[in-house]
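Student: Have a peek at run.pdb (PDB, C-alpha atoms and all ligand atoms).
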ATOM      1  CA  MET I1313       0.000   0.000   0.000
ATOM      2  CA  LYS I1314       2.966   2.353   0.735
ATOM      3  CA  ASP I1315       4.282   2.102  -2.857
ATOM      4  CA  LEU I1316       0.800   2.697  -4.217
ATOM      5  CA  ALA I1317       0.401   5.795  -2.016
ATOM      6  CA  GLN I1318       3.648   7.234  -3.423
ATOM      7  CA  THR I1319       2.888   6.738  -7.117
ATOM      8  CA  THR I1320       2.971   9.880  -9.281
ATOM      9  CA  ARG I1321      -0.639   9.745 -10.454
ATOM     10  CA  LEU I1322      -3.022   7.426  -8.600
ATOM     11  CA  LEU I1323      -6.363   6.032  -9.774
ATOM     12  CA  VAL I1324      -8.544   4.727  -6.935
ATOM     13  CA  ALA I1325     -11.317   2.659  -8.537
ATOM     14  CA  THR I1326     -14.009   0.768  -6.696
ATOM     15  CA  ASP I1327     -17.122  -1.296  -7.180
ATOM     16  CA  PHE I1328     -20.349  -0.140  -5.470
ATOM     17  CA  ASP I1329     -22.515  -3.048  -4.187
ATOM     18  CA  GLY I1330     -20.760  -5.240  -1.630
ATOM     19  CA  VAL I1331     -17.803  -2.841  -1.418
ATOM     20  CA  LEU I1332     -18.990   0.707  -0.708
ATOM     21  CA  ALA I1333     -22.543  -0.434   0.111
ATOM     22  CA  PRO I1334     -23.182  -3.557   2.209
ATOM     23  CA  ILE I1335     -25.340  -6.164   0.400
ATOM     24  CA  VAL I1336     -29.060  -5.864   1.260
ATOM     25  CA  SER I1337     -32.085  -7.794   0.015
ATOM     26  CA  ASN I1338     -33.679  -4.858  -1.839
ATOM     27  CA  PRO I1339     -31.294  -3.296  -4.423
ATOM     28  CA  ALA I1340     -33.057   0.092  -4.075
ATOM     29  CA  SER I1341     -32.128   0.222  -0.369
ATOM     30  CA  ALA I1342     -28.352  -0.157  -0.847
ATOM     31  CA  ARG I1343     -26.338   2.815   0.455
ATOM     32  CA  ALA I1344     -22.605   3.470   0.654
ATOM     33  CA  LEU I1345     -21.026   3.570   4.112
ATOM     34  CA  PRO I1346     -20.471   7.255   5.004
ATOM     35  CA  GLU I1347     -16.925   6.413   6.223
ATOM     36  CA  SER I1348     -15.997   5.089   2.767
ATOM     37  CA  VAL I1349     -17.498   8.089   0.999
ATOM     38  CA  ALA I1350     -15.621  10.467   3.325
ATOM     39  CA  ALA I1351     -12.313   8.651   2.729
ATOM     40  CA  LEU I1352     -12.869   8.614  -1.049
ATOM     41  CA  ARG I1353     -13.649  12.342  -0.961
ATOM     42  CA  ALA I1354     -10.409  12.918   0.970
ATOM     43  CA  LEU I1355      -8.505  10.886  -1.651
ATOM     44  CA  GLY I1356     -10.167  12.732  -4.533
ATOM     45  CA  ASP I1357      -9.203  16.089  -2.996
ATOM     46  CA  LEU I1358      -5.495  15.162  -3.019
ATOM     47  CA  PRO I1359      -3.328  16.300  -5.956
ATOM     48  CA  GLU I1360      -2.762  13.785  -8.800
ATOM     49  CA  THR I1361      -5.384  11.441  -7.346
ATOM     50  CA  GLU I1362      -8.484  10.355  -9.280
ATOM     51  CA  VAL I1363     -11.504   8.428  -7.960
ATOM     52  CA  ALA I1364     -13.679   6.157 -10.118
ATOM     53  CA  ILE I1365     -16.734   4.037  -9.342
ATOM     54  CA  ILE I1366     -17.154   1.052 -11.669
ATOM     55  CA  THR I1367     -20.483  -0.701 -11.191
ATOM     56  CA  GLY I1368     -23.064  -2.976 -12.740
ATOM     57  CA  ARG I1369     -25.697  -0.388 -11.805
ATOM     58  CA  SER I1370     -26.929   2.060 -14.410
ATOM     59  CA  LEU I1371     -25.399   5.526 -14.005
ATOM     60  CA  GLU I1372     -28.823   6.995 -13.279
ATOM     61  CA  VAL I1373     -29.346   4.624 -10.346
ATOM     62  CA  LEU I1374     -25.750   5.015  -9.113
ATOM     63  CA  ARG I1375     -26.117   8.813  -9.021
ATOM     64  CA  ARG I1376     -29.403   8.474  -7.104
ATOM     65  CA  LEU I1377     -27.944   6.052  -4.531
ATOM     66  CA  LEU I1378     -24.514   7.668  -4.079
ATOM     67  CA  ASP I1379     -24.746  11.366  -5.015
ATOM     68  CA  PRO I1380     -21.063  11.427  -6.040
ATOM     69  CA  PRO I1381     -19.043  14.652  -6.383
ATOM     70  CA  PRO I1382     -18.831  15.836 -10.014
ATOM     71  CA  GLN I1383     -15.075  15.219 -10.293
ATOM     72  CA  TRP I1384     -15.410  11.452  -9.706
ATOM     73  CA  HIS I1385     -15.343   9.256 -12.826
ATOM     74  CA  LEU I1386     -18.393   7.001 -13.090
ATOM     75  CA  VAL I1387     -18.676   3.796 -15.099
ATOM     76  CA  GLY I1388     -22.082   2.086 -15.090
ATOM     77  CA  SER I1389     -23.750  -0.990 -16.592
ATOM     78  CA  HIS I1390     -20.503  -3.012 -16.255
ATOM     79  CA  GLY I1391     -18.687  -0.565 -18.568
ATOM     80  CA  ALA I1392     -21.347   0.406 -21.128
ATOM     81  CA  GLU I1393     -21.996   3.851 -19.630
ATOM     82  CA  THR I1394     -19.405   6.334 -18.442
ATOM     83  CA  SER I1395     -19.553   9.905 -17.217
ATOM     84  CA  ASP I1396     -16.672  10.754 -19.595
ATOM     85  CA  HIS I1397     -17.828   9.116 -22.848
ATOM     86  CA  SER I1398     -20.577   6.576 -23.560
ATOM     87  CA  LEU I1399     -21.832   4.055 -26.059
ATOM     88  CA  ASP I1400     -24.829   5.109 -28.179
ATOM     89  CA  LEU I1401     -27.401   3.596 -25.831
ATOM     90  CA  ASP I1402     -30.382   4.888 -27.848
ATOM     91  CA  ALA I1403     -29.368   2.683 -30.773
ATOM     92  CA  LEU I1404     -29.490  -0.358 -28.468
ATOM     93  CA  GLN I1405     -33.012   0.273 -27.192
ATOM     94  CA  PRO I1406     -35.012  -1.907 -29.676
ATOM     95  CA  ALA I1407     -32.847  -4.933 -28.745
ATOM     96  CA  VAL I1408     -32.970  -4.059 -25.021
ATOM     97  CA  ILE I1409     -36.782  -3.788 -25.048
ATOM     98  CA  LYS I1410     -37.079  -7.147 -26.843
ATOM     99  CA  LEU I1411     -34.734  -8.822 -24.339
ATOM    100  CA  ALA I1412     -36.514  -7.357 -21.291
ATOM    101  CA  ALA I1413     -39.903  -8.519 -22.648
ATOM    102  CA  ARG I1414     -38.496 -12.005 -23.217
ATOM    103  CA  LEU I1415     -37.199 -12.197 -19.617
ATOM    104  CA  GLU I1416     -40.471 -10.865 -18.219
ATOM    105  CA  HIS I1417     -42.423 -13.503 -20.163
ATOM    106  CA  LEU I1418     -40.013 -16.285 -19.099
ATOM    107  CA  VAL I1419     -39.555 -15.627 -15.363
ATOM    108  CA  GLY I1420     -41.481 -12.438 -14.436
ATOM    109  CA  GLY I1421     -43.943 -12.895 -11.573
ATOM    110  CA  ARG I1422     -42.194 -15.910 -10.018
ATOM    111  CA  PRO I1423     -42.283 -15.504  -6.214
ATOM    112  CA  GLY I1424     -39.265 -13.578  -4.927
ATOM    113  CA  VAL I1425     -37.880 -12.922  -8.413
ATOM    114  CA  ALA I1426     -37.301  -9.298  -9.509
ATOM    115  CA  ILE I1427     -36.304  -8.014 -12.934
ATOM    116  CA  GLU I1428     -34.219  -4.828 -12.859
ATOM    117  CA  PRO I1429     -34.191  -2.929 -16.173
ATOM    118  CA  LYS I1430     -30.760  -1.730 -17.341
ATOM    119  CA  PRO I1431     -29.775   0.587 -20.226
ATOM    120  CA  THR I1432     -28.131  -2.387 -21.960
ATOM    121  CA  GLY I1433     -30.481  -5.235 -20.947
ATOM    122  CA  ALA I1434     -31.900  -6.498 -17.658
ATOM    123  CA  ALA I1435     -30.836  -8.212 -14.437
ATOM    124  CA  VAL I1436     -32.860 -11.076 -12.954
ATOM    125  CA  HIS I1437     -32.532 -11.077  -9.138
ATOM    126  CA  VAL I1438     -33.231 -14.287  -7.198
ATOM    127  CA  ARG I1439     -31.981 -13.283  -3.710
ATOM    128  CA  ASN I1440     -35.520 -13.224  -2.290
ATOM    129  CA  ALA I1441     -36.736 -16.417  -3.998
ATOM    130  CA  ALA I1442     -36.918 -19.887  -2.402
ATOM    131  CA  PRO I1443     -33.796 -21.921  -3.306
ATOM    132  CA  GLU I1444     -35.673 -24.246  -5.713
ATOM    133  CA  VAL I1445     -37.322 -21.279  -7.484
ATOM    134  CA  ALA I1446     -33.969 -19.449  -7.695
ATOM    135  CA  GLN I1447     -32.234 -22.499  -9.173
ATOM    136  CA  ALA I1448     -35.022 -23.114 -11.721
ATOM    137  CA  VAL I1449     -35.066 -19.450 -12.807
ATOM    138  CA  LEU I1450     -31.270 -19.274 -13.222
ATOM    139  CA  THR I1451     -31.319 -22.489 -15.278
ATOM    140  CA  GLU I1452     -34.153 -21.273 -17.517
ATOM    141  CA  VAL I1453     -32.416 -17.958 -18.150
ATOM    142  CA  ARG I1454     -29.020 -19.626 -18.773
ATOM    143  CA  GLU I1455     -30.475 -22.181 -21.185
ATOM    144  CA  GLY I1456     -32.904 -19.737 -22.839
ATOM    145  CA  PRO I1457     -32.110 -16.099 -23.688
ATOM    146  CA  ALA I1458     -28.565 -16.214 -22.251
ATOM    147  CA  ALA I1459     -27.596 -18.889 -24.775
ATOM    148  CA  GLU I1460     -28.697 -16.850 -27.802
ATOM    149  CA  PRO I1461     -26.213 -15.137 -30.127
ATOM    150  CA  GLY I1462     -25.739 -11.439 -29.447
ATOM    151  CA  ILE I1463     -26.605 -11.775 -25.756
ATOM    152  CA  PHE I1464     -23.823 -11.295 -23.178
ATOM    153  CA  THR I1465     -24.271 -12.734 -19.695
ATOM    154  CA  THR I1466     -22.808 -11.650 -16.368
ATOM    155  CA  GLU I1467     -23.528 -13.619 -13.210
ATOM    156  CA  GLY I1468     -23.123 -12.113  -9.759
ATOM    157  CA  LYS I1469     -24.452 -12.423  -6.234
ATOM    158  CA  CYS I1470     -27.948 -13.981  -6.606
ATOM    159  CA  VAL I1471     -28.292 -12.263  -9.975
ATOM    160  CA  ILE I1472     -27.955 -13.077 -13.660
ATOM    161  CA  GLU I1473     -27.683 -10.125 -16.009
ATOM    162  CA  LEU I1474     -28.208 -10.210 -19.759
ATOM    163  CA  ALA I1475     -26.984  -7.422 -22.040
ATOM    164  CA  VAL I1476     -27.014  -6.732 -25.763
ATOM    165  CA  VAL I1477     -23.410  -5.436 -25.705
ATOM    166  CA  ASP I1478     -20.175  -7.087 -24.649
ATOM    167  CA  VAL I1479     -18.579  -4.889 -22.004
ATOM    168  CA  SER I1480     -16.473  -5.587 -18.931
ATOM    169  CA  LYS I1481     -15.036  -3.873 -15.905
ATOM    170  CA  GLY I1482     -11.580  -4.937 -17.149
ATOM    171  CA  ALA I1483     -11.952  -2.899 -20.335
ATOM    172  CA  ALA I1484     -13.240  -0.003 -18.208
ATOM    173  CA  ILE I1485     -10.108  -0.071 -16.008
ATOM    174  CA  THR I1486      -7.827  -0.143 -19.061
ATOM    175  CA  GLN I1487      -9.681   2.802 -20.623
ATOM    176  CA  LEU I1488      -9.657   4.872 -17.421
ATOM    177  CA  ARG I1489      -5.953   4.211 -16.831
ATOM    178  CA  ALA I1490      -5.151   5.480 -20.338
ATOM    179  CA  ASP I1491      -7.561   8.451 -20.214
ATOM    180  CA  LEU I1492      -6.293   9.631 -16.825
ATOM    181  CA  GLY I1493      -2.609   8.791 -17.307
ATOM    182  CA  ALA I1494      -2.538   6.847 -14.039
ATOM    183  CA  THR I1495       0.836   5.473 -12.973
ATOM    184  CA  ALA I1496      -0.809   2.989 -10.594
ATOM    185  CA  VAL I1497      -4.338   1.733  -9.933
ATOM    186  CA  LEU I1498      -6.121   0.477  -6.819
ATOM    187  CA  TYR I1499      -9.223  -1.588  -7.633
ATOM    188  CA  VAL I1500     -11.578  -2.896  -4.949
ATOM    189  CA  GLY I1501     -14.332  -5.410  -5.765
ATOM    190  CA  ASP I1502     -16.335  -8.229  -4.204
ATOM    191  CA  ASP I1503     -18.073 -10.172  -6.973
ATOM    192  CA  VAL I1504     -17.215 -12.423  -9.916
ATOM    193  CA  THR I1505     -17.808  -9.485 -12.266
ATOM    194  CA  ASP I1506     -14.856  -7.735 -10.586
ATOM    195  CA  GLU I1507     -12.429 -10.489 -11.530
ATOM    196  CA  LYS I1508     -12.036  -9.042 -15.042
ATOM    197  CA  ALA I1509     -10.996  -5.757 -13.425
ATOM    198  CA  PHE I1510      -8.435  -7.542 -11.224
ATOM    199  CA  LEU I1511      -7.061  -9.301 -14.322
ATOM    200  CA  ALA I1512      -6.617  -5.928 -16.058
ATOM    201  CA  LEU I1513      -4.244  -4.778 -13.294
ATOM    202  CA  SER I1514      -0.487  -4.872 -13.781
ATOM    203  CA  GLU I1515       2.733  -4.475 -11.823
ATOM    204  CA  GLY I1516       2.531  -1.701  -9.259
ATOM    205  CA  ASP I1517      -1.284  -1.840  -9.131
ATOM    206  CA  VAL I1518      -3.179  -3.348  -6.195
ATOM    207  CA  GLY I1519      -6.364  -5.449  -6.394
ATOM    208  CA  VAL I1520      -8.404  -5.879  -3.214
ATOM    209  CA  LYS I1521     -11.068  -8.586  -2.945
ATOM    210  CA  VAL I1522     -13.825  -8.013  -0.385
ATOM    211  CA  GLY I1523     -15.121 -11.178   1.308
ATOM    212  CA  PRO I1524     -14.655 -14.853   0.431
ATOM    213  CA  GLY I1525     -14.288 -16.542  -2.952
ATOM    214  CA  GLU I1526     -11.589 -17.300  -5.498
ATOM    215  CA  THR I1527      -9.871 -14.221  -6.816
ATOM    216  CA  ALA I1528      -7.058 -12.815  -8.911
ATOM    217  CA  ALA I1529      -6.682  -9.959  -6.398
ATOM    218  CA  THR I1530      -3.566  -9.959  -4.256
ATOM    219  CA  VAL I1531      -5.096  -8.449  -1.107
ATOM    220  CA  ARG I1532      -8.269  -9.530   0.696
ATOM    221  CA  VAL I1533     -10.375  -7.674   3.275
ATOM    222  CA  ALA I1534     -13.427  -8.958   5.130
ATOM    223  CA  ASP I1535     -16.212  -6.486   4.461
ATOM    224  CA  PRO I1536     -17.249  -2.930   3.455
ATOM    225  CA  GLU I1537     -16.224  -1.627   6.906
ATOM    226  CA  ALA I1538     -12.666  -2.847   6.262
ATOM    227  CA  VAL I1539     -12.794  -1.123   2.852
ATOM    228  CA  ALA I1540     -13.541   2.202   4.584
ATOM    229  CA  THR I1541     -10.496   1.688   6.833
ATOM    230  CA  LEU I1542      -8.319   0.831   3.823
ATOM    231  CA  PHE I1543      -9.389   3.992   1.932
ATOM    232  CA  ALA I1544      -8.753   6.125   5.049
ATOM    233  CA  GLU I1545      -5.279   4.594   5.512
ATOM    234  CA  LEU I1546      -4.428   5.166   1.853
ATOM    235  CA  ALA I1547      -5.585   8.804   2.100
ATOM    236  CA  ALA I1548      -3.440   9.361   5.206
ATOM    237  CA  LEU I1549      -0.381   7.717   3.602
ATOM    238  CA  ARG I1550      -0.748   9.696   0.361
ATOM    239  CA  LYS I1551      -1.294  12.961   2.193
ATOM    240  CA  GLY I1552       1.822  12.273   4.270
TER     241      GLY I1552
HETATM  242  O1  LIG F   1     -20.963  -3.898  -9.802
HETATM  243  P1  LIG F   1     -21.697  -3.700  -8.513
HETATM  244  O2  LIG F   1     -21.662  -2.289  -8.031
HETATM  245  O3  LIG F   1     -21.260  -4.683  -7.452
HETATM  246  O4  LIG F   1     -23.226  -4.042  -8.851
HETATM  247  C1  LIG F   1     -23.591  -5.398  -9.088
HETATM  248  C2  LIG F   1     -25.087  -5.545  -8.989
HETATM  249  O5  LIG F   1     -25.442  -4.994  -7.725
HETATM  250  C3  LIG F   1     -26.821  -4.962  -7.383
HETATM  251  O6  LIG F   1     -27.211  -6.268  -7.013
HETATM  252  C4  LIG F   1     -26.484  -6.785  -5.917
HETATM  253  O7  LIG F   1     -26.688  -5.941  -4.754
HETATM  254  C5  LIG F   1     -28.047  -5.881  -4.268
HETATM  255  C6  LIG F   1     -28.103  -4.884  -3.121
HETATM  256  O8  LIG F   1     -27.224  -5.213  -2.083
HETATM  257  C7  LIG F   1     -28.488  -7.310  -3.861
HETATM  258  O9  LIG F   1     -29.840  -7.289  -3.405
HETATM  259  C8  LIG F   1     -28.364  -8.253  -5.076
HETATM  260  O10 LIG F   1     -28.657  -9.613  -4.681
HETATM  261  C9  LIG F   1     -26.926  -8.220  -5.629
HETATM  262  O11 LIG F   1     -26.820  -9.016  -6.812
HETATM  263  C10 LIG F   1     -27.656  -4.357  -8.505
HETATM  264  O12 LIG F   1     -29.025  -4.529  -8.226
HETATM  265  C11 LIG F   1     -27.301  -4.887  -9.876
HETATM  266  O13 LIG F   1     -27.952  -4.104 -10.872
HETATM  267  C12 LIG F   1     -25.798  -4.768 -10.098
HETATM  268  O14 LIG F   1     -25.429  -5.269 -11.369
END
Let me see the structure of the file written as structure tokens.

Tutor:
Amino acid sequence: MKDLAQTTRLLVATDFDGVLAPIVSNPASARALPESVAALRALGDLPETEVAIITGRSLEVLRRLLDPPPQWHLVGSHGAETSDHSLDLDALQPAVIKLAARLEHLVGGRPGVAIEPKPTGAAVHVRNAAPEVAQAVLTEVREGPAAEPGIFTTEGKCVIELAVVDVSKGAAITQLRADLGATAVLYVGDDVTDEKAFLALSEGDVGVKVGPGETAATVRVADPEAVATLFAELAALRKG
């Protein structure tokens, strides 16, 4: 962490759900820990230090849940939307509408299952479904629309997300590093979707995995509270 703190131009990039915001059963109720937001603000106020949030959430939802300062770089929908430059999402809408209707027809209305619309597709949440319903829904989605050409699937914590574009958090990290001229990157993530971001890191960067599970990250912390501590320590080291 000391080497990272001393790099010439630092990019601090982090996932939202499960990292800044503890996991909750209703996605609309997720909120970032104030301690993490304060530490990220302190980092972002330091010279030659950039902050980025890279999330599966749409940018509209992220802004509503987090209210980030305007100087932070935001990447939403697993990389399809960014606050700096975006894909032409309007052109995708006919395919997105068709996909969302297909998912609604296939699994909509099952007890405990929620479909979250996204600018590039839709996420099917099974966290609040009985285990047998969750398993059946995931299988039907995997073997149905997810298997079709032109559909790109991301699986995460009790969620399967289908999109009409192929994007990843790894590509987002690479793009941000180049755009911002970062000499080192910190990336913090908790889910399988974050593994592509960890794999995009190189020598001198640091990947931090939050919670259990296999990972390509080199550092592990237990939970979002430990993430807040890590950000605060990094801010203090860099300021010093
Ligand atoms: O990339 P992230 O910022 O980690 O976003 C990934 C997905 O997070 C949300 O779902 C997850 O968090 C919910 C709230 O804690 C939880 O209820 C759900 O089971 C998790 O899968 C969000 O709703 C998705 O759109 C994001 O893609």

Student: Calculate how many Å separate atom CA of I:Val1363 from atom CA of I:Ala1538, rounding to one decimal.

Tutor: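 Atom-to-atom, atom CA of I:Val1363 and atom CA of I:Ala1538 are spaced 18.2 Å apart.
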
Student: With ligand LIG 1 (chain F) as the partner and 8 Å as the cut-off, tabulate the residues of chain I that qualify, each row holding the nearest pair of atoms and their distance in Å to one decimal, using only C-alpha atoms and all ligand atoms, sorted by chain and rising number, as a tab-separated table.

Tutor:
residue	atom	partner	partner_atom	distance
I:Asp1327	CA	F:LIG1	O2	4.7
I:Phe1328	CA	F:LIG1	O2	3.6
I:Asp1329	CA	F:LIG1	O3	3.9
I:Gly1330	CA	F:LIG1	O3	5.9
I:Val1331	CA	F:LIG1	O3	7.2
I:Ala1333	CA	F:LIG1	O8	7.0
I:Pro1334	CA	F:LIG1	O8	6.1
I:Ile1335	CA	F:LIG1	O8	3.3
I:Val1336	CA	F:LIG1	O8	3.9
I:Ser1337	CA	F:LIG1	O9	4.1
I:Asn1338	CA	F:LIG1	O9	4.8
I:Pro1339	CA	F:LIG1	C6	3.8
I:Ala1340	CA	F:LIG1	C6	7.1
I:Ser1341	CA	F:LIG1	C6	7.1
I:Ala1342	CA	F:LIG1	C6	5.3
I:Ile1366	CA	F:LIG1	O1	6.5
I:Thr1367	CA	F:LIG1	O1	3.5
I:Gly1368	CA	F:LIG1	O14	3.6
I:Arg1369	CA	F:LIG1	O13	4.4
I:Ser1370	CA	F:LIG1	O13	7.2
I:Ser1389	CA	F:LIG1	O14	7.0
I:His1390	CA	F:LIG1	O1	6.5
I:Glu1428	CA	F:LIG1	O13	6.6
I:Lys1430	CA	F:LIG1	O13	7.4
I:Ala1435	CA	F:LIG1	O13	6.2
I:His1437	CA	F:LIG1	O10	6.1
I:Val1438	CA	F:LIG1	O10	7.0
I:Arg1439	CA	F:LIG1	O10	5.0
I:Gly1468	CA	F:LIG1	O11	5.7
I:Lys1469	CA	F:LIG1	O11	4.2
I:Cys1470	CA	F:LIG1	O10	4.8
I:Val1471	CA	F:LIG1	O11	4.8
I:Glu1473	CA	F:LIG1	O14	7.1
I:Gly1501	CA	F:LIG1	O3	7.2
I:Asp1502	CA	F:LIG1	O3	6.9
I:Asp1503	CA	F:LIG1	O3	6.4
I:Thr1505	CA	F:LIG1	O1	6.9
I:Asp1506	CA	F:LIG1	O1	7.3

Student: Quick one: apply the PyMOL selection byres (((chain I and resi 1452-1458) around 9) and not hetatm) to the file and drop the selected residues here as a count of residues only.

Tutor: 21

Student: Can you list, as an MDAnalysis selection string, every protein, DNA or RNA residue that comes within 7 Å of stretch 1513-1528 of chain I when you count only C-alpha atoms, leaving out same-chain residues fewer than 4 positions away?

Tutor: chainID I and resid 1316 1331 1496:1502 1507 1509 1532:1535

Student: Output C-alpha atoms for every residue in that selection, as an mmCIF file, keeping the file's coordinate frame.

Tutor:
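Saved as part16.cif:
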data_model
loop_
_atom_site.group_PDB
_atom_site.id
_atom_site.type_symbol
_atom_site.label_atom_id
_atom_site.label_comp_id
_atom_site.auth_asym_id
_atom_site.auth_seq_id
_atom_site.Cartn_x
_atom_site.Cartn_y
_atom_site.Cartn_z
ATOM 1 C CA LEU I 1316 0.800 2.697 -4.217
ATOM 2 C CA VAL I 1331 -17.803 -2.841 -1.418
ATOM 3 C CA ALA I 1496 -0.809 2.989 -10.594
ATOM 4 C CA VAL I 1497 -4.338 1.733 -9.933
ATOM 5 C CA LEU I 1498 -6.121 0.477 -6.819
ATOM 6 C CA TYR I 1499 -9.223 -1.588 -7.633
ATOM 7 C CA VAL I 1500 -11.578 -2.896 -4.949
ATOM 8 C CA GLY I 1501 -14.332 -5.410 -5.765
ATOM 9 C CA ASP I 1502 -16.335 -8.229 -4.204
ATOM 10 C CA GLU I 1507 -12.429 -10.489 -11.530
ATOM 11 C CA ALA I 1509 -10.996 -5.757 -13.425
ATOM 12 C CA ARG I 1532 -8.269 -9.530 0.696
ATOM 13 C CA VAL I 1533 -10.375 -7.674 3.275
ATOM 14 C CA ALA I 1534 -13.427 -8.958 5.130
ATOM 15 C CA ASP I 1535 -16.212 -6.486 4.461
#

Student: If the PyMOL selection byres (((chain I and resi 1361) around 12) and not hetatm) were run on this exact file, what residues would it hold? Put them as a PyMOL selection string.

Tutor: chain I and resi 1316-1325+1352-1360+1362-1364+1383-1385+1489+1492-1498+1546-1547+1550-1551

Student: Please, what distance in Å, to one decimal, runs between atom CA of I:Ala1484 and atom CA of I:Gly1391?

Tutor: 5.5 Å

Student: Could you write out as a PyMOL selection string the residues that the PyMOL selection byres (((chain I and resi 1401) around 12) and not hetatm) matches in the shown file?

Tutor: chain I and resi 1370+1389+1392-1394+1397-1400+1402-1409+1430-1433+1475-1477

Student: Quick one: pull the distance between atom CA of I:Glu1537 and atom CA of I:Gly1482, Å, one decimal.

Tutor: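 Answer for the atom CA of I:Glu1537 to atom CA of I:Gly1482 separation: 24.7 Å.
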
Student: Taking all atoms of stretch 1365-1372 of chain I that the file lists and extending 3 Å past them on each side, where is the centre of the axis-aligned box and how long are its edges? Answer in Å to one decimal, as JSON.

Tutor:
{"center_x": -22.8, "center_y": 2.0, "center_z": -11.9, "size_x": 18.1, "size_y": 16.0, "size_z": 11.1}

Student: Taking (-18.1, 9.6, -3.1) in the file's own coordinates, collect the residues within 7 Å, counting all atoms listed in the file, and hand them back as a PDB file with C-alpha atoms, keeping the file's coordinate frame.

Tutor:
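What ended up in point-v2.pdb:
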ATOM      1  CA  VAL I1349     -17.498   8.089   0.999  1.00  0.00           C
ATOM      2  CA  ALA I1350     -15.621  10.467   3.325  1.00  0.00           C
ATOM      3  CA  LEU I1352     -12.869   8.614  -1.049  1.00  0.00           C
ATOM      4  CA  ARG I1353     -13.649  12.342  -0.961  1.00  0.00           C
ATOM      5  CA  LEU I1378     -24.514   7.668  -4.079  1.00  0.00           C
ATOM      6  CA  PRO I1380     -21.063  11.427  -6.040  1.00  0.00           C
ATOM      7  CA  PRO I1381     -19.043  14.652  -6.383  1.00  0.00           C
TER       8      PRO I1381
END

Student: Just checking: using all atoms listed in the file, which residue out of I:Val1425, I:Ala1344, I:Glu1545, I:Glu1416 ends up closest to I:Ala1442?

Tutor: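 Smallest distance to I:Ala1442 is found for I:Val1425.
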
Student: With all atoms listed in the file as the basis for distance, which of I:Ile1365, I:Val1539, I:Leu1488, I:Val1445 is at the shortest distance from I:Gly1421?

Tutor: I:Val1445
